[in-house]
$ cat upload.tsv   # TSV, C-alpha atoms and all ligand atoms
chain	number	residue	atom	x	y	z
A	157	MET	CA	106.06	56.48	14.80
A	158	LYS	CA	105.61	54.93	18.26
A	159	LYS	CA	101.97	54.16	19.03
A	160	TYR	CA	100.09	55.21	22.15
A	161	ASN	CA	99.41	51.76	23.55
A	162	PHE	CA	96.37	51.58	25.84
A	163	SER	CA	96.34	47.76	26.02
A	164	ALA	CA	95.37	46.15	29.32
A	165	GLY	CA	98.38	43.87	29.41
A	166	PRO	CA	100.92	43.18	28.11
A	167	SER	CA	101.00	46.94	28.02
A	168	THR	CA	103.09	49.99	27.46
A	169	LEU	CA	106.53	50.24	29.10
A	170	PRO	CA	108.76	53.31	29.41
A	171	GLU	CA	110.78	53.93	26.26
A	172	GLU	CA	114.07	53.94	28.22
A	173	VAL	CA	113.25	50.52	29.70
A	174	ILE	CA	112.63	49.06	26.24
A	175	GLN	CA	115.89	50.60	24.97
A	176	GLN	CA	117.89	49.23	27.92
A	177	ALA	CA	116.27	45.78	27.70
A	178	SER	CA	116.95	45.65	23.97
A	179	GLN	CA	120.59	46.60	24.49
A	180	ALA	CA	120.98	43.93	27.18
A	181	VAL	CA	119.60	41.29	24.82
A	182	LEU	CA	122.22	42.30	22.24
A	183	ASP	CA	125.10	42.60	24.70
A	184	PHE	CA	124.70	42.50	28.46
A	185	ASN	CA	126.86	45.17	30.16
A	186	ASN	CA	129.48	45.03	27.35
A	187	LYS	CA	130.35	41.45	28.28
A	188	GLY	CA	130.04	40.09	24.75
A	189	ILE	CA	127.15	37.87	25.79
A	190	SER	CA	123.39	38.38	25.68
A	191	LEU	CA	121.24	38.75	28.80
A	192	ILE	CA	119.22	35.76	27.61
A	193	GLU	CA	122.34	33.61	27.32
A	194	ILE	CA	123.83	34.15	30.75
A	195	SER	CA	123.50	31.47	33.40
A	196	HIS	CA	120.98	32.23	36.11
A	197	ARG	CA	123.64	30.92	38.51
A	198	SER	CA	126.17	33.51	37.32
A	199	LYS	CA	127.23	36.38	39.57
A	200	ASP	CA	125.70	38.79	37.08
A	201	PHE	CA	122.23	37.28	37.23
A	202	ILE	CA	122.27	36.74	40.99
A	203	ALA	CA	123.01	40.47	41.30
A	204	ILE	CA	119.99	41.23	39.07
A	205	MET	CA	117.68	39.05	41.15
A	206	ASP	CA	118.99	40.49	44.42
A	207	GLU	CA	118.47	44.06	43.24
A	208	ALA	CA	115.01	43.25	41.83
A	209	ARG	CA	113.94	41.89	45.22
A	210	ALA	CA	115.57	44.67	47.23
A	211	LEU	CA	114.24	47.49	45.05
A	212	ALA	CA	110.69	46.12	45.14
A	213	LYS	CA	110.97	45.92	48.93
A	214	LYS	CA	112.23	49.50	49.09
A	215	LEU	CA	109.52	50.88	46.78
A	216	MET	CA	106.78	49.12	48.78
A	217	LYS	CA	108.46	50.03	52.10
A	218	LEU	CA	108.14	46.39	53.20
A	219	ASP	CA	109.02	45.35	56.72
A	220	ASP	CA	111.26	42.40	57.64
A	221	ASN	CA	108.36	39.93	57.78
A	222	HIS	CA	107.64	40.47	54.09
A	223	GLU	CA	109.69	39.01	51.26
A	224	VAL	CA	109.45	39.46	47.49
A	225	LEU	CA	109.35	36.46	45.15
A	226	TYR	CA	109.57	36.37	41.36
A	227	LEU	CA	107.66	33.33	40.12
A	228	GLN	CA	106.13	31.94	36.94
A	229	GLY	CA	102.62	30.75	36.10
A	230	GLY	CA	101.11	34.24	36.00
A	231	ALA	CA	98.71	35.68	38.52
A	232	SER	CA	96.51	32.72	37.57
A	233	LEU	CA	98.79	30.22	39.33
A	234	GLN	CA	98.48	32.33	42.49
A	235	PHE	CA	94.74	31.60	42.44
A	236	SER	CA	95.81	28.06	43.45
A	237	MET	CA	99.06	28.71	45.33
A	238	VAL	CA	97.35	31.01	47.84
A	239	PRO	CA	94.84	28.40	49.08
A	240	TYR	CA	97.40	25.59	48.90
A	241	ASN	CA	99.67	27.58	51.25
A	242	LEU	CA	97.13	29.24	53.55
A	243	LEU	CA	93.79	27.43	53.51
A	244	LYS	CA	93.05	25.16	56.46
A	245	SER	CA	89.33	25.30	57.29
A	246	LYS	CA	87.85	28.04	55.11
A	247	ALA	CA	88.64	31.26	53.31
A	248	ALA	CA	86.56	34.37	52.57
A	249	TYR	CA	86.49	35.83	49.05
A	250	VAL	CA	85.08	39.05	47.63
A	251	ASP	CA	83.74	38.61	44.10
A	252	SER	CA	84.43	42.00	42.53
A	253	GLY	CA	85.14	41.01	38.93
A	254	ASN	CA	85.89	38.23	36.51
A	255	PHE	CA	89.41	37.59	37.81
A	256	ALA	CA	88.13	37.56	41.40
A	257	SER	CA	85.59	34.99	40.29
A	258	MET	CA	88.33	32.91	38.62
A	259	ALA	CA	90.31	33.04	41.88
A	260	ILE	CA	87.22	31.71	43.67
A	261	LYS	CA	86.75	28.89	41.17
A	262	GLU	CA	90.33	27.71	41.64
A	263	ALA	CA	90.24	28.00	45.44
A	264	GLU	CA	87.02	25.97	45.59
A	265	LYS	CA	88.96	23.02	44.16
A	266	ILE	CA	91.17	23.11	47.25
A	267	GLY	CA	88.92	23.85	50.23
A	268	LYS	CA	85.90	25.58	51.63
A	269	ILE	CA	85.30	29.07	50.28
A	270	GLU	CA	82.73	31.59	51.44
A	271	ILE	CA	81.86	34.41	49.04
A	272	ILE	CA	81.16	37.19	51.52
A	273	ALA	CA	80.30	39.95	49.04
A	274	SER	CA	79.73	40.24	45.30
A	275	SER	CA	78.85	42.87	42.71
A	276	LYS	CA	78.23	40.25	40.03
A	277	GLN	CA	74.49	40.93	39.86
A	278	ASP	CA	75.31	44.53	38.85
A	279	LYS	CA	77.82	43.48	36.21
A	280	TYR	CA	80.72	44.29	38.55
A	281	THR	CA	80.18	48.04	38.18
A	282	TYR	CA	81.13	48.75	41.79
A	283	ILE	CA	83.41	47.49	44.57
A	284	PRO	CA	81.48	45.60	47.28
A	285	LYS	CA	81.94	47.30	50.67
A	286	ASP	CA	80.73	47.08	54.25
A	287	TYR	CA	80.92	43.30	54.45
A	288	ALA	CA	81.73	41.34	57.58
A	289	VAL	CA	84.72	39.02	57.44
A	290	PRO	CA	84.03	35.76	59.29
A	291	SER	CA	86.30	35.55	62.33
A	292	ASP	CA	87.13	31.90	61.57
A	293	ALA	CA	88.37	32.53	58.02
A	294	ASP	CA	92.01	31.65	57.36
A	295	TYR	CA	92.28	34.63	55.04
A	296	LEU	CA	90.30	37.19	53.07
A	297	HIS	CA	90.95	37.37	49.31
A	298	ILE	CA	90.32	40.65	47.49
A	299	THR	CA	91.22	42.09	44.08
A	300	SER	CA	92.46	45.67	44.33
A	301	ASN	CA	91.79	46.61	40.73
A	302	ASN	CA	89.23	45.06	38.46
A	303	THR	CA	91.01	45.18	35.10
A	304	VAL	CA	88.00	44.28	32.97
A	305	TYR	CA	85.28	46.57	34.37
A	306	GLY	CA	87.52	49.39	35.63
A	307	THR	CA	86.84	49.55	39.36
A	308	GLU	CA	89.45	49.92	42.08
A	309	ILE	CA	89.46	49.58	45.88
A	310	LYS	CA	90.10	53.01	47.43
A	311	THR	CA	89.88	51.96	51.09
A	312	PHE	CA	91.10	48.51	52.05
A	313	PRO	CA	89.08	46.49	54.57
A	314	ASN	CA	90.00	46.74	58.22
A	315	THR	CA	90.20	43.25	59.67
A	316	ASN	CA	92.42	41.04	61.80
A	317	ILE	CA	92.07	38.24	59.27
A	318	PRO	CA	95.12	38.03	56.96
A	319	ILE	CA	94.37	39.82	53.69
A	320	VAL	CA	95.45	38.36	50.35
A	321	CYS	CA	95.26	40.76	47.44
A	322	ASP	CA	95.42	40.24	43.68
A	323	MET	CA	97.16	43.49	42.67
A	324	SER	CA	97.86	42.50	39.09
A	325	SER	CA	96.62	45.70	37.51
A	326	ASP	CA	97.50	48.38	40.06
A	327	ILE	CA	100.59	47.24	41.95
A	328	LEU	CA	103.01	50.11	42.59
A	329	SER	CA	100.66	52.62	40.98
A	330	ARG	CA	99.83	54.36	44.26
A	331	ASN	CA	101.07	54.93	47.75
A	332	ILE	CA	99.37	52.40	50.02
A	333	ASN	CA	100.46	50.39	53.03
A	334	TYR	CA	101.84	47.28	51.32
A	335	ASN	CA	102.63	45.73	54.72
A	336	LYS	CA	98.91	45.39	55.32
A	337	PHE	CA	98.80	42.24	53.20
A	338	ALA	CA	99.63	38.66	54.14
A	339	ILE	CA	100.17	37.95	50.45
A	340	LEU	CA	99.92	40.18	47.44
A	341	TYR	CA	100.57	39.11	43.88
A	342	ALA	CA	100.69	40.59	40.41
A	343	GLY	CA	101.42	39.33	36.92
A	344	ALA	CA	104.17	41.65	35.70
A	345	GLN	CA	102.68	42.48	32.32
A	346	LYS	CA	100.71	45.57	33.39
A	347	ASN	CA	102.60	47.79	35.78
A	348	LEU	CA	105.82	45.90	36.33
A	349	GLY	CA	107.40	44.61	33.15
A	350	PRO	CA	106.95	42.08	30.37
A	351	ALA	CA	104.84	38.94	30.62
A	352	GLY	CA	106.51	35.86	32.05
A	353	VAL	CA	107.08	36.73	35.68
A	354	THR	CA	104.76	37.25	38.65
A	355	MET	CA	105.66	39.29	41.68
A	356	VAL	CA	104.49	37.75	44.94
A	357	VAL	CA	104.97	39.42	48.30
A	358	VAL	CA	104.53	37.08	51.26
A	359	ASP	CA	104.47	37.55	54.99
A	360	LYS	CA	106.87	34.75	55.94
A	361	THR	CA	105.42	34.41	59.43
A	362	LEU	CA	102.08	33.11	58.10
A	363	LEU	CA	103.41	30.17	56.11
A	364	GLY	CA	103.87	26.50	56.92
A	365	THR	CA	100.74	25.85	58.96
A	366	THR	CA	98.47	23.83	56.64
A	367	GLY	CA	100.28	20.50	56.95
A	368	ARG	CA	99.95	19.96	53.18
A	369	ASN	CA	102.77	18.16	51.43
A	370	LEU	CA	102.84	20.42	48.41
A	371	PRO	CA	104.56	19.91	45.06
A	372	SER	CA	107.74	21.96	45.46
A	373	TYR	CA	106.88	24.62	42.89
A	374	LEU	CA	103.59	25.39	44.64
A	375	ASP	CA	105.23	25.89	48.04
A	376	TYR	CA	106.17	29.52	48.84
A	377	GLU	CA	108.66	28.32	51.44
A	378	VAL	CA	110.65	26.47	48.77
A	379	HIS	CA	110.95	29.67	46.71
A	380	LEU	CA	111.81	31.74	49.78
A	381	ALA	CA	114.59	29.35	50.77
A	382	LYS	CA	116.08	29.62	47.28
A	383	ASP	CA	115.67	33.38	46.77
A	384	SER	CA	113.29	32.84	43.80
A	385	MET	CA	115.81	30.52	42.11
A	386	ALA	CA	114.40	27.12	43.03
A	387	ASN	CA	114.30	26.53	39.29
A	388	THR	CA	115.45	28.57	36.30
A	389	PRO	CA	113.84	31.99	36.59
A	390	PRO	CA	112.59	33.91	33.53
A	391	VAL	CA	115.76	35.96	33.20
A	392	PHE	CA	114.56	38.44	30.58
A	393	ALA	CA	111.31	39.20	32.41
A	394	VAL	CA	113.05	39.62	35.77
A	395	TYR	CA	115.74	41.91	34.32
A	396	THR	CA	113.25	44.07	32.44
A	397	THR	CA	111.11	44.31	35.57
A	398	LEU	CA	114.20	45.50	37.43
A	399	LEU	CA	114.79	48.18	34.77
A	400	ASN	CA	111.19	49.27	35.18
A	401	LEU	CA	111.49	49.40	38.98
A	402	ARG	CA	114.58	51.61	38.59
A	403	TRP	CA	112.51	53.86	36.30
A	404	LEU	CA	109.72	53.96	38.89
A	405	ASP	CA	112.21	54.86	41.60
A	406	LYS	CA	113.29	57.85	39.49
A	407	GLN	CA	109.63	58.94	39.21
A	408	GLY	CA	109.51	59.24	43.00
A	409	GLY	CA	108.24	55.69	43.67
A	410	PRO	CA	104.57	55.04	44.45
A	411	GLU	CA	104.07	58.58	45.84
A	412	GLY	CA	105.46	60.25	42.74
A	413	ILE	CA	103.65	58.03	40.25
A	414	GLU	CA	100.33	58.27	42.12
A	415	LYS	CA	100.23	62.03	41.48
A	416	LYS	CA	100.80	61.48	37.76
A	417	ASN	CA	98.29	58.61	37.61
A	418	LYS	CA	95.62	60.75	39.27
A	419	GLU	CA	96.24	63.60	36.84
A	420	LYS	CA	95.91	61.26	33.85
A	421	ALA	CA	92.75	59.58	35.15
A	422	GLU	CA	91.13	62.91	36.00
A	423	LEU	CA	91.80	64.26	32.52
A	424	LEU	CA	90.13	61.25	30.89
A	425	TYR	CA	87.18	60.84	33.28
A	426	ASN	CA	86.43	64.57	33.06
A	427	GLU	CA	86.16	64.25	29.31
A	428	ILE	CA	83.96	61.12	29.53
A	429	ASP	CA	81.63	63.01	31.89
A	430	ARG	CA	81.66	66.24	29.88
A	431	ASN	CA	81.40	64.90	26.36
A	432	PRO	CA	77.76	64.11	25.43
A	433	LEU	CA	78.87	61.35	23.04
A	434	PHE	CA	80.35	59.18	25.82
A	435	ARG	CA	79.43	57.71	29.17
A	436	GLY	CA	81.35	55.91	31.92
A	437	ILE	CA	80.56	52.33	32.95
A	438	CYS	CA	81.17	52.17	36.71
A	439	VAL	CA	80.03	54.07	39.78
A	440	LYS	CA	82.16	57.18	40.13
A	441	GLU	CA	83.53	56.57	43.62
A	442	ASP	CA	85.06	53.24	42.56
A	443	ARG	CA	86.55	54.33	39.26
A	444	SER	CA	89.94	52.81	38.53
A	445	LEU	CA	92.98	55.02	38.02
A	446	MET	CA	94.39	52.29	35.78
A	447	ASN	CA	91.66	50.95	33.49
A	448	VAL	CA	89.24	53.60	32.31
A	449	CYS	CA	86.15	51.94	30.82
A	450	PHE	CA	83.56	53.83	28.79
A	451	PHE	CA	80.91	53.50	26.11
A	452	LEU	CA	79.85	55.56	23.14
A	453	ASN	CA	76.22	56.55	23.61
A	454	ASP	CA	75.45	55.85	19.95
A	455	GLU	CA	77.71	53.06	18.75
A	456	GLU	CA	75.92	52.67	15.45
A	457	LYS	CA	76.49	56.29	14.56
A	458	HIS	CA	79.95	56.87	16.00
A	459	LYS	CA	81.89	53.64	16.49
A	460	ALA	CA	83.41	53.25	13.04
A	461	ILE	CA	84.46	56.88	12.84
A	462	PHE	CA	85.82	57.01	16.40
A	463	ASP	CA	87.83	53.85	15.80
A	464	GLN	CA	89.27	55.35	12.61
A	465	MET	CA	90.11	58.63	14.37
A	466	CYS	CA	91.92	56.70	17.13
A	467	LYS	CA	93.86	54.78	14.51
A	468	ASP	CA	94.81	58.00	12.70
A	469	ALA	CA	96.04	59.44	16.03
A	470	ASN	CA	98.34	56.41	16.55
A	471	ILE	CA	96.17	55.11	19.40
A	472	VAL	CA	96.01	51.32	19.84
A	473	GLY	CA	94.51	48.91	22.37
A	474	VAL	CA	91.44	50.94	23.44
A	475	GLY	CA	88.86	48.24	22.68
A	476	GLY	CA	86.84	47.04	25.69
A	477	TYR	CA	87.15	43.50	27.08
A	478	ARG	CA	85.33	40.98	24.88
A	479	THR	CA	82.47	40.39	27.32
A	480	VAL	CA	82.00	44.10	28.13
A	481	GLY	CA	82.40	45.89	24.79
A	482	GLY	CA	82.82	49.65	24.52
A	483	TYR	CA	86.25	51.05	25.28
A	484	ARG	CA	88.93	50.55	27.90
A	485	ALA	CA	91.92	52.85	28.08
A	486	SER	CA	94.56	51.27	30.31
A	487	ILE	CA	96.68	54.10	31.63
A	488	TYR	CA	99.26	52.25	33.69
A	489	ASN	CA	102.35	53.93	35.17
A	490	ALA	CA	104.22	54.05	31.86
A	491	MET	CA	101.45	55.80	29.88
A	492	PRO	CA	102.49	59.46	29.63
A	493	LEU	CA	100.01	62.28	30.23
A	494	GLU	CA	100.60	63.25	26.61
A	495	GLY	CA	99.10	59.92	25.46
A	496	VAL	CA	95.95	60.51	27.49
A	497	GLN	CA	95.73	64.04	26.08
A	498	VAL	CA	95.89	62.65	22.53
A	499	LEU	CA	92.94	60.34	23.30
A	500	VAL	CA	90.98	63.19	24.92
A	501	ASN	CA	91.65	65.38	21.88
A	502	VAL	CA	90.21	62.68	19.61
A	503	MET	CA	87.08	62.48	21.80
A	504	LYS	CA	86.69	66.27	21.58
A	505	GLU	CA	87.24	66.19	17.84
A	506	LEU	CA	84.56	63.52	17.42
A	507	GLU	CA	82.09	65.71	19.29
A	508	LYS	CA	82.98	68.75	17.20
A	509	THR	CA	82.79	67.05	13.83
A	510	HIS	CA	80.13	64.34	14.23
A	511	ASN	CA	77.66	65.39	16.92
B	601	LIG	N1	94.13	39.09	38.01
B	601	LIG	C1	93.90	40.26	37.40
B	601	LIG	C2	93.30	41.39	38.18
B	601	LIG	C3	94.21	40.39	36.04
B	601	LIG	O1	93.97	41.55	35.42
B	601	LIG	C4	94.78	39.30	35.34
B	601	LIG	C5	95.19	39.38	33.91
B	601	LIG	N2	94.56	40.25	33.10
B	601	LIG	C6	94.96	38.11	36.03
B	601	LIG	C7	94.65	38.05	37.37
B	601	LIG	C8	95.53	36.90	35.35
B	601	LIG	O2	96.87	37.12	35.17
B	601	LIG	P1	97.82	36.16	34.34
B	601	LIG	O3	97.41	36.28	32.92
B	601	LIG	O4	99.19	36.73	34.63
B	601	LIG	O5	97.67	34.79	34.86

$ encode --input "upload.tsv" --output "C-alpha cells" --more "lines below"
Ligand code: PMP
Amino acid sequence: MKKYNFSAGPSTLPEEVIQQASQAVLDFNNKGISLIEISHRSKDFIAIMDEARALAKKLMKLDDNHEVLYLQGGASLQFSMVPYNLLKSKAAYVDSGNFASMAIKEAEKIGKIEIIASSKQDKYTYIPKDYAVPSDADYLHITSNNTVYGTEIKTFPNTNIPIVCDMSSDILSRNINYNKFAILYAGAQKNLGPAGVTMVVVDKTLLGTTGRNLPSYLDYEVHLAKDSMANTPPVFAVYTTLLNLRWLDKQGGPEGIEKKNKEKAELLYNEIDRNPLFRGICVKEDRSLMNVCFFLNDEEKHKAIFDQMCKDANIVGVGGYRTVGGYRASIYNAMPLEGVQVLVNVMKELEKTHN
C-alpha cells in the first residue's frame, strides 16, 4: 500500500511521474538503453534539457530577459553563487527562517551584508514586513517559504532593488509574477522533482558586473552560455523534473495547482484551529500553503497514540523539524487532497477517542 508521504523534501511525487521515470530507467523510449546510460551530449538528452527549460519558462510565464538553468549543489550552493555573481558593495537580507539565516552566513563570507529585518527573536513565527530596502543595496535576498517553521510570503516587497528569492519550498505552487525576480532558485526535491538538481532562474541583463574572476562552475554566465550543460548534468533528476513539469502543466500550471493547494491547506488549518487537541505554530496571516506546522497541546498524553494512529493510516513524514518539534505536514503540489483528508480524519479520531 502506497504511503501518504508528508516529508518536507525529498517529498511525494505524482504516481504517474514515478511510473514514467521508472520505465525510462529500465528502457528509455523503447531504445533498448536506460535513461541513466545515455550520453548527455546525445540528441535525446539535449531534447530533454531543452524541453525542461522551455516548459519551466512557459509555466512561469518568463520574459526574454529571464533564463532557466538546471544546476547542482542544491539550493545551498546558491547561497554562495548569488553573492559571487551579484554582490559589489553590499546586499540586503531578510532573516525569516533557518535557511534564510544560512544564506546570510554564506553571503557574509563574500561581502558586506545588511540584515534589514528578522523574525528570529520570535522563533521565526511570522514573515517580517514593512522594512525599508537600502537604496544602495546591490540586491535584496528573501525566502518565499520558510520550510521549517511554516510561514510564507503572501505579498512580495515592492522595490527597485533587484530581488533574489529562495523559492525552494514553494516554487510553482502558486500563480505569482515570476518575472519580478532578478534571480530565483529552488532545490528540486520539494515541488519540482527528485534531489540532485536545482532550478535557477536568472535575469541575464543583471549579470557580469562584479568584475570577479569566478571559478567556472560558480559563474551563471558560463552555465547560460552552455544551456546548463557546462559539465555533465544530473540526467535522471532533470528528466524526472521534466516529467513533473508536464504533470503540472496538465493540472493547469501554477493557477490550477494554486486552487488545489489552497483547498488542501484550508482543510488542514481549519482542523488545527477547530480541534482542541492541536494548535498552530505561526501567525495566521503568514501561514504556509506548503508546510503546515502544528503542535499537540498535550504531548505527554497524546503523542504516542497520535503517532501510532498516523502510522496505522499509512501516514509518514509528519514529524516536525528537529529544532522545532511537534508536527509538520508538507503538502506540496503532488500531495492529493485525499491524503490531507486522511490526516484530518486521524486528528478527528484522536479527539473522539482520547479527549
Ligand atoms: N532553502 C530552503 C527554503 C530549503 O527548504 C532548503 C532545504 N530544505 C534549502 C534552502 C537547502 O536546500 P538544499 O538541501 O537543496 O541545498

$ residues_around --input "upload.tsv" --residues "Gly229 of chain A" --least-positions-apart "3" --cutoff "10 Å" --atoms "all atoms listed in the file" --output "ChimeraX atom specification"
/A:232-234,343,352-354

$ residues_near_ligand --input "upload.tsv" --ligand "ligand LIG 601 (chain B)" --cutoff "10 Å" --atoms "all atoms listed in the file" --output "PyMOL selection string"
chain A and resi 164-166+228-235+252-259+298-304+321-326+341-346+351-355+447

$ residues_around --input "upload.tsv" --residues "Tyr376 of chain A" --least-positions-apart "5" --cutoff "12 Å" --atoms "all atoms listed in the file" --output "PDB file with C-alpha atoms, keeping the file's coordinate frame"
ATOM      1  CA  GLU A 223     109.690  39.010  51.260  1.00  0.00           C
ATOM      2  CA  VAL A 224     109.450  39.460  47.490  1.00  0.00           C
ATOM      3  CA  LEU A 225     109.350  36.460  45.150  1.00  0.00           C
ATOM      4  CA  TYR A 226     109.570  36.370  41.360  1.00  0.00           C
ATOM      5  CA  LEU A 227     107.660  33.330  40.120  1.00  0.00           C
ATOM      6  CA  GLN A 234      98.480  32.330  42.490  1.00  0.00           C
ATOM      7  CA  SER A 236      95.810  28.060  43.450  1.00  0.00           C
ATOM      8  CA  MET A 237      99.060  28.710  45.330  1.00  0.00           C
ATOM      9  CA  VAL A 238      97.350  31.010  47.840  1.00  0.00           C
ATOM     10  CA  PRO A 239      94.840  28.400  49.080  1.00  0.00           C
ATOM     11  CA  TYR A 240      97.400  25.590  48.900  1.00  0.00           C
ATOM     12  CA  ASN A 241      99.670  27.580  51.250  1.00  0.00           C
ATOM     13  CA  LEU A 242      97.130  29.240  53.550  1.00  0.00           C
ATOM     14  CA  ILE A 339     100.170  37.950  50.450  1.00  0.00           C
ATOM     15  CA  VAL A 356     104.490  37.750  44.940  1.00  0.00           C
ATOM     16  CA  VAL A 357     104.970  39.420  48.300  1.00  0.00           C
ATOM     17  CA  VAL A 358     104.530  37.080  51.260  1.00  0.00           C
ATOM     18  CA  ASP A 359     104.470  37.550  54.990  1.00  0.00           C
ATOM     19  CA  LYS A 360     106.870  34.750  55.940  1.00  0.00           C
ATOM     20  CA  THR A 361     105.420  34.410  59.430  1.00  0.00           C
ATOM     21  CA  LEU A 362     102.080  33.110  58.100  1.00  0.00           C
ATOM     22  CA  LEU A 363     103.410  30.170  56.110  1.00  0.00           C
ATOM     23  CA  GLY A 364     103.870  26.500  56.920  1.00  0.00           C
ATOM     24  CA  LEU A 370     102.840  20.420  48.410  1.00  0.00           C
ATOM     25  CA  PRO A 371     104.560  19.910  45.060  1.00  0.00           C
ATOM     26  CA  ALA A 381     114.590  29.350  50.770  1.00  0.00           C
ATOM     27  CA  LYS A 382     116.080  29.620  47.280  1.00  0.00           C
ATOM     28  CA  ASP A 383     115.670  33.380  46.770  1.00  0.00           C
ATOM     29  CA  SER A 384     113.290  32.840  43.800  1.00  0.00           C
ATOM     30  CA  MET A 385     115.810  30.520  42.110  1.00  0.00           C
ATOM     31  CA  ALA A 386     114.400  27.120  43.030  1.00  0.00           C
TER      32      ALA A 386
END

$ closest_residue --input "upload.tsv" --among "A:His458, A:Phe392, A:Ala490, A:Lys508" --to "Glu171 of chain A" --atoms "only C-alpha atoms"
A:Ala490

$ closest_residue --input "upload.tsv" --among "A:Ala469, A:Met157, A:Leu348, A:Ile266" --to "Leu401 of chain A" --atoms "only C-alpha atoms"
A:Leu348

$ residues_around --input "upload.tsv" --residues "Lys217 of chain A" --least-positions-apart "6" --cutoff "10 Å" --atoms "all atoms listed in the file" --output "compact mmCIF listing (two decimals) with C-alpha atoms, in the frame of the given file"
# COMPACT_ATOMS: atom_id res chain seq x y z
CA LEU A 211 114.24 47.49 45.05
CA ASN A 331 101.07 54.93 47.75
CA ILE A 332 99.37 52.40 50.02
CA ASN A 333 100.46 50.39 53.03
CA TYR A 334 101.84 47.28 51.32
CA ASN A 335 102.63 45.73 54.72
CA PRO A 410 104.57 55.04 44.45

$ residues_around --input "upload.tsv" --residues "segment 193-202 of chain A" --least-positions-apart "2" --cutoff "10 Å" --atoms "only C-alpha atoms" --output "MDAnalysis selection string"
chainID A and resid 181 183:185 189:191 204:208 383 385 387:392 394:395

$ atom_distance --input "upload.tsv" --atom1 "atom CA of Leu374 of chain A" --atom2 "atom CA of Lys265 of chain A"
14.8 Å

$ closest_residue --input "upload.tsv" --among "A:Arg478, A:Gln175, A:Pro492, A:Leu296" --to "Ile260 of chain A" --atoms "only C-alpha atoms"
A:Leu296

$ closest_residue --input "upload.tsv" --among "A:Asn369, A:Ser444, A:Asn314, A:Asn400" --to "Lys420 of chain A" --atoms "only C-alpha atoms"
A:Ser444

$ atom_distance --input "upload.tsv" --atom1 "atom CA of Phe312 of chain A" --atom2 "atom CA of Tyr425 of chain A"
22.8 Å

$ atom_distance --input "upload.tsv" --atom1 "atom CA of Ile487 of chain A" --atom2 "atom CA of Phe451 of chain A"
16.7 Å

$ residues_around --input "upload.tsv" --residues "Lys244 of chain A" --least-positions-apart "2" --cutoff "7 Å" --atoms "all atoms listed in the file" --output "PyMOL selection string"
chain A and resi 242+246+294+366

$ axis_aligned_box --input "upload.tsv" --around "segment 368-374 of chain A" --padding-each-side "3 Å" --output "JSON"
{"center_x": 103.8, "center_y": 21.8, "center_z": 48.0, "size_x": 13.8, "size_y": 13.2, "size_z": 16.3}
